[in-house]
Amino acid sequence: MAVSIFPLCANGAGDIAVIRSQDLDPYNQAFAGFSESCASNVKQYTLGGNSASQQRMAQEIGAEKPRLVLAIGLMAAKLAKEYLKDIPTLYIMVSNPKKYGLIGNNIAGITLNIPVEAQFKTYKTLVPGLKSIGVIYDANNSGEIIREAGNVAKKLGVQLVAISVTSQKEVPEALRSMLGKVDAVWMVPDETVVTTDSFKYFLVTTLEKGVPFFAASDIFVEAGALAALTPDYTDVGRQGCQLATGFTDGQVSLAETGARPPRKINLSLNLKTARKIGVAIPKSVIELAKLVYQ
């Protein structure tokens with residue numbers, strides 16, 4: 001467990017305990033965005049060690065009685081939800097918060113889930129004439145997202161071919177069964193479906209078949225997927241500051257806030273892949289991309 005105290009220097013949001021799940025660059029970017037926008041006496045913790053040491057850390061935070069806990073990442077949010085129930089908690093950098101019970105009158109935050117409509121509209125600009133899109137998912141993990149996707153696809157005139165799996169072993173067959181029936185393949189951040197091995201299979205197979213592959217991270221785009229939409233992590237931190245300030249000023253209720261999507265989204269593109277599969281991405285779209293791999 002690491003602890004740091006940061007004096008910040010902008011409009012105050014009250015005394016805040018910040019818990020990071022891990023010392024990872026995306027979490028650090030989010031905290032940088034938060035700290036550049038919010039001022040307070042902030043005591044920062046980074047999870048580590050076993051569950052007993054994390055419990056002791058939670059007890060220490062509880063004894064400090066901060067006005068707000070900022071939980072960065074899933075593990076931090078779960079710790080706050082379980083052991084710091086009496087302290088208002090704002091989470092950021094968390095996917096599918098409902099799945100993990102991160103709901104209630106005293107907890108809210110900003111998810112990593114990008115609205116499906118924003119994704120599909122972008123994909124249609126990347127692949128003119130896109131009429132069908134395939135996705136593989138585990139209903140226990142991503143059922144809600146896929147239900148939303150079905151409604152959005154219908155609204156946009158796109159056919160969604162969604163295949164549910166219950167284990168990683170089922171992914172290759174599911175992918176083979178949809179190829180030839182869809183114009184593109186869409187990956188959702190589903191822990192059953194997205195593994196190192198499955199990504200390699202997605203990538204090799206879609207390239208062989210010349211099918212656009214929309215991935216869940218810019219890391220995957222660098223490796224060869226056609227495109228991805230990802231939250232701007234620094235801006236997620238800034239967005240968290242706005243909610244924290246609104247809460248500590250009494251203008252925002254966590255009970256009414258719930259889970260909000262990231263407001264700034266970055267597009268990454270792999271033009272080498274586009275050329276290989278014969279997709280001509282409009283210049284105007286390329287100019288909007290945050291990351292372009294040649």
# chains A, B, ... in the order shown; residues from 1 in each chain; ligands from 1
$ residues_around --residues "A:Gly143" --least-positions-apart "6" --cutoff "12 Å" --atoms "only C-alpha atoms" --output "list in words"
Asn96, Lys98, Lys99, Val135, Ile136, Tyr137, Ala149, Gly150, Ala162, Ile163, Ser164, Val165, Thr166, Val188, Pro189 and Asp190 of chain A
$ select_by_dssp --residues "stretch 79-262 of chain A" --states "strand (DSSP E)" --output "PyMOL selection string"
chain A and resi 89-94+107-111+132-137+159-164+184-186+213-215+227-231+259-260
$ write_last_selection --atoms "N, CA and C atoms" --output "mmCIF file, in the first residue's frame"
data_model
loop_
_atom_site.group_PDB
_atom_site.id
_atom_site.type_symbol
_atom_site.label_atom_id
_atom_site.label_comp_id
_atom_site.auth_asym_id
_atom_site.auth_seq_id
_atom_site.Cartn_x
_atom_site.Cartn_y
_atom_site.Cartn_z
ATOM 1 N N THR A 89 -18.897 7.880 -2.248
ATOM 2 C CA THR A 89 -17.848 7.386 -3.141
ATOM 3 C C THR A 89 -18.158 7.753 -4.583
ATOM 4 N N LEU A 90 -17.153 8.316 -5.242
ATOM 5 C CA LEU A 90 -17.224 8.618 -6.669
ATOM 6 C C LEU A 90 -16.182 7.755 -7.358
ATOM 7 N N TYR A 91 -16.608 6.898 -8.288
ATOM 8 C CA TYR A 91 -15.652 6.047 -8.998
ATOM 9 C C TYR A 91 -15.422 6.577 -10.410
ATOM 10 N N ILE A 92 -14.225 6.317 -10.919
ATOM 11 C CA ILE A 92 -13.909 6.567 -12.318
ATOM 12 C C ILE A 92 -13.081 5.389 -12.824
ATOM 13 N N MET A 93 -12.976 5.259 -14.151
ATOM 14 C CA MET A 93 -12.170 4.200 -14.773
ATOM 15 C C MET A 93 -12.716 2.799 -14.445
ATOM 16 N N VAL A 94 -14.035 2.661 -14.496
ATOM 17 C CA VAL A 94 -14.692 1.387 -14.206
ATOM 18 C C VAL A 94 -15.620 1.025 -15.358
ATOM 19 N N ILE A 107 -23.119 6.201 -3.891
ATOM 20 C CA ILE A 107 -22.042 5.878 -4.824
ATOM 21 C C ILE A 107 -22.495 6.192 -6.255
ATOM 22 N N ALA A 108 -21.598 6.767 -7.029
ATOM 23 C CA ALA A 108 -21.878 7.103 -8.426
ATOM 24 C C ALA A 108 -20.545 7.280 -9.134
ATOM 25 N N GLY A 109 -20.604 7.504 -10.432
ATOM 26 C CA GLY A 109 -19.326 7.726 -11.102
ATOM 27 C C GLY A 109 -19.406 7.792 -12.607
ATOM 28 N N ILE A 110 -18.229 7.673 -13.212
ATOM 29 C CA ILE A 110 -18.063 7.772 -14.657
ATOM 30 C C ILE A 110 -17.523 6.437 -15.160
ATOM 31 N N THR A 111 -18.252 5.822 -16.044
ATOM 32 C CA THR A 111 -17.851 4.517 -16.550
ATOM 33 C C THR A 111 -16.899 4.666 -17.732
ATOM 34 N N SER A 132 -24.367 -4.571 -41.543
ATOM 35 C CA SER A 132 -24.459 -5.593 -40.495
ATOM 36 C C SER A 132 -23.160 -5.638 -39.702
ATOM 37 N N ILE A 133 -23.286 -5.936 -38.430
ATOM 38 C CA ILE A 133 -22.114 -5.977 -37.554
ATOM 39 C C ILE A 133 -22.268 -7.136 -36.577
ATOM 40 N N GLY A 134 -21.203 -7.893 -36.405
ATOM 41 C CA GLY A 134 -21.243 -9.065 -35.529
ATOM 42 C C GLY A 134 -20.529 -8.812 -34.229
ATOM 43 N N VAL A 135 -21.022 -9.426 -33.165
ATOM 44 C CA VAL A 135 -20.399 -9.290 -31.851
ATOM 45 C C VAL A 135 -20.548 -10.598 -31.080
ATOM 46 N N ILE A 136 -19.518 -10.955 -30.337
ATOM 47 C CA ILE A 136 -19.530 -12.143 -29.478
ATOM 48 C C ILE A 136 -19.472 -11.656 -28.036
ATOM 49 N N TYR A 137 -20.290 -12.227 -27.175
ATOM 50 C CA TYR A 137 -20.382 -11.725 -25.815
ATOM 51 C C TYR A 137 -20.828 -12.824 -24.856
ATOM 52 N N GLN A 159 -28.030 -4.321 -39.070
ATOM 53 C CA GLN A 159 -28.373 -5.615 -38.493
ATOM 54 C C GLN A 159 -27.293 -6.022 -37.499
ATOM 55 N N LEU A 160 -27.679 -6.360 -36.281
ATOM 56 C CA LEU A 160 -26.731 -6.824 -35.269
ATOM 57 C C LEU A 160 -26.797 -8.345 -35.185
ATOM 58 N N VAL A 161 -25.673 -8.988 -35.444
ATOM 59 C CA VAL A 161 -25.573 -10.442 -35.304
ATOM 60 C C VAL A 161 -24.794 -10.709 -34.020
ATOM 61 N N ALA A 162 -25.515 -11.045 -32.955
ATOM 62 C CA ALA A 162 -24.902 -11.210 -31.633
ATOM 63 C C ALA A 162 -24.920 -12.681 -31.238
ATOM 64 N N ILE A 163 -23.759 -13.221 -30.918
ATOM 65 C CA ILE A 163 -23.643 -14.627 -30.517
ATOM 66 C C ILE A 163 -23.150 -14.688 -29.081
ATOM 67 N N SER A 164 -23.905 -15.365 -28.247
ATOM 68 C CA SER A 164 -23.566 -15.477 -26.831
ATOM 69 C C SER A 164 -22.706 -16.716 -26.584
ATOM 70 N N ALA A 184 -18.762 -6.290 -40.622
ATOM 71 C CA ALA A 184 -17.701 -5.917 -39.684
ATOM 72 C C ALA A 184 -17.886 -6.696 -38.391
ATOM 73 N N VAL A 185 -16.814 -6.775 -37.613
ATOM 74 C CA VAL A 185 -16.854 -7.438 -36.305
ATOM 75 C C VAL A 185 -16.537 -6.407 -35.234
ATOM 76 N N TRP A 186 -17.332 -6.413 -34.186
ATOM 77 C CA TRP A 186 -17.217 -5.439 -33.088
ATOM 78 C C TRP A 186 -16.855 -6.180 -31.806
ATOM 79 N N PHE A 213 -12.412 -4.924 -38.295
ATOM 80 C CA PHE A 213 -12.462 -5.365 -36.902
ATOM 81 C C PHE A 213 -12.360 -4.142 -36.010
ATOM 82 N N PHE A 214 -13.448 -3.841 -35.296
ATOM 83 C CA PHE A 214 -13.482 -2.716 -34.364
ATOM 84 C C PHE A 214 -13.198 -3.240 -32.960
ATOM 85 N N ALA A 215 -12.072 -2.844 -32.403
ATOM 86 C CA ALA A 215 -11.606 -3.410 -31.141
ATOM 87 C C ALA A 215 -12.007 -2.543 -29.950
ATOM 88 N N ALA A 227 -9.883 -0.178 -35.985
ATOM 89 C CA ALA A 227 -10.201 1.042 -35.246
ATOM 90 C C ALA A 227 -10.687 0.714 -33.844
ATOM 91 N N ALA A 228 -10.643 1.723 -32.989
ATOM 92 C CA ALA A 228 -11.211 1.610 -31.644
ATOM 93 C C ALA A 228 -11.601 2.987 -31.163
ATOM 94 N N LEU A 229 -12.616 3.025 -30.341
ATOM 95 C CA LEU A 229 -13.009 4.230 -29.628
ATOM 96 C C LEU A 229 -12.733 3.997 -28.152
ATOM 97 N N THR A 230 -12.008 4.924 -27.537
ATOM 98 C CA THR A 230 -11.665 4.778 -26.128
ATOM 99 C C THR A 230 -11.885 6.100 -25.399
ATOM 100 N N PRO A 231 -12.184 6.029 -24.106
ATOM 101 C CA PRO A 231 -12.326 7.273 -23.344
ATOM 102 C C PRO A 231 -10.999 8.018 -23.270
ATOM 103 N N ALA A 259 -24.455 6.215 -13.016
ATOM 104 C CA ALA A 259 -23.268 5.967 -13.843
ATOM 105 C C ALA A 259 -23.352 6.818 -15.106
ATOM 106 N N ARG A 260 -22.362 7.668 -15.303
ATOM 107 C CA ARG A 260 -22.336 8.546 -16.478
ATOM 108 C C ARG A 260 -21.259 8.095 -17.454
#
$ closest_residue --among "A:Thr206, A:Arg67, A:Ser217, A:Asp235" --to "A:Gly250" --atoms "only C-alpha atoms"
A:Arg67
$ residues_around --residues "stretch 44-49 of chain A" --least-positions-apart "3" --cutoff "12 Å" --atoms "only C-alpha atoms" --output "number ranges by chain"
A: 1-7, 15-24, 27-28, 31, 35, 40-41, 52-58, 60-61, 66, 69-80
$ closest_residue --among "A:Val182, A:Ser95, A:Leu130, A:Val193" --to "A:Glu170" --atoms "only C-alpha atoms"
A:Val193
$ closest_residue --among "A:Ala225, A:Val292, A:Leu243, A:Val194" --to "A:Leu207" --atoms "only C-alpha atoms"
A:Ala225
$ decode --residues "stretch 171-192 of chain A" --atoms "C-alpha atoms" --output "PDB file, in the first residue's frame"
ATOM      1  CA  VAL A 171     -15.162 -17.917 -29.211  1.00  0.00           C
ATOM      2  CA  PRO A 172     -13.399 -19.303 -32.338  1.00  0.00           C
ATOM      3  CA  GLU A 173     -16.453 -21.240 -33.507  1.00  0.00           C
ATOM      4  CA  ALA A 174     -18.707 -18.252 -32.805  1.00  0.00           C
ATOM      5  CA  LEU A 175     -16.473 -16.027 -34.923  1.00  0.00           C
ATOM      6  CA  ARG A 176     -16.286 -18.540 -37.772  1.00  0.00           C
ATOM      7  CA  SER A 177     -20.066 -18.880 -37.792  1.00  0.00           C
ATOM      8  CA  MET A 178     -20.666 -15.145 -38.291  1.00  0.00           C
ATOM      9  CA  LEU A 179     -18.022 -14.405 -40.916  1.00  0.00           C
ATOM     10  CA  GLY A 180     -19.622 -14.180 -44.328  1.00  0.00           C
ATOM     11  CA  LYS A 181     -22.805 -12.887 -42.712  1.00  0.00           C
ATOM     12  CA  VAL A 182     -21.533  -9.543 -41.384  1.00  0.00           C
ATOM     13  CA  ASP A 183     -19.810  -6.479 -42.805  1.00  0.00           C
ATOM     14  CA  ALA A 184     -17.701  -5.917 -39.684  1.00  0.00           C
ATOM     15  CA  VAL A 185     -16.854  -7.438 -36.305  1.00  0.00           C
ATOM     16  CA  TRP A 186     -17.217  -5.439 -33.088  1.00  0.00           C
ATOM     17  CA  MET A 187     -15.421  -6.337 -29.867  1.00  0.00           C
ATOM     18  CA  VAL A 188     -16.966  -5.349 -26.534  1.00  0.00           C
ATOM     19  CA  PRO A 189     -14.806  -5.317 -23.365  1.00  0.00           C
ATOM     20  CA  ASP A 190     -16.077  -8.676 -22.145  1.00  0.00           C
ATOM     21  CA  GLU A 191     -13.689 -10.597 -19.906  1.00  0.00           C
ATOM     22  CA  THR A 192     -14.880 -13.978 -21.197  1.00  0.00           C
TER      23      THR A 192
END
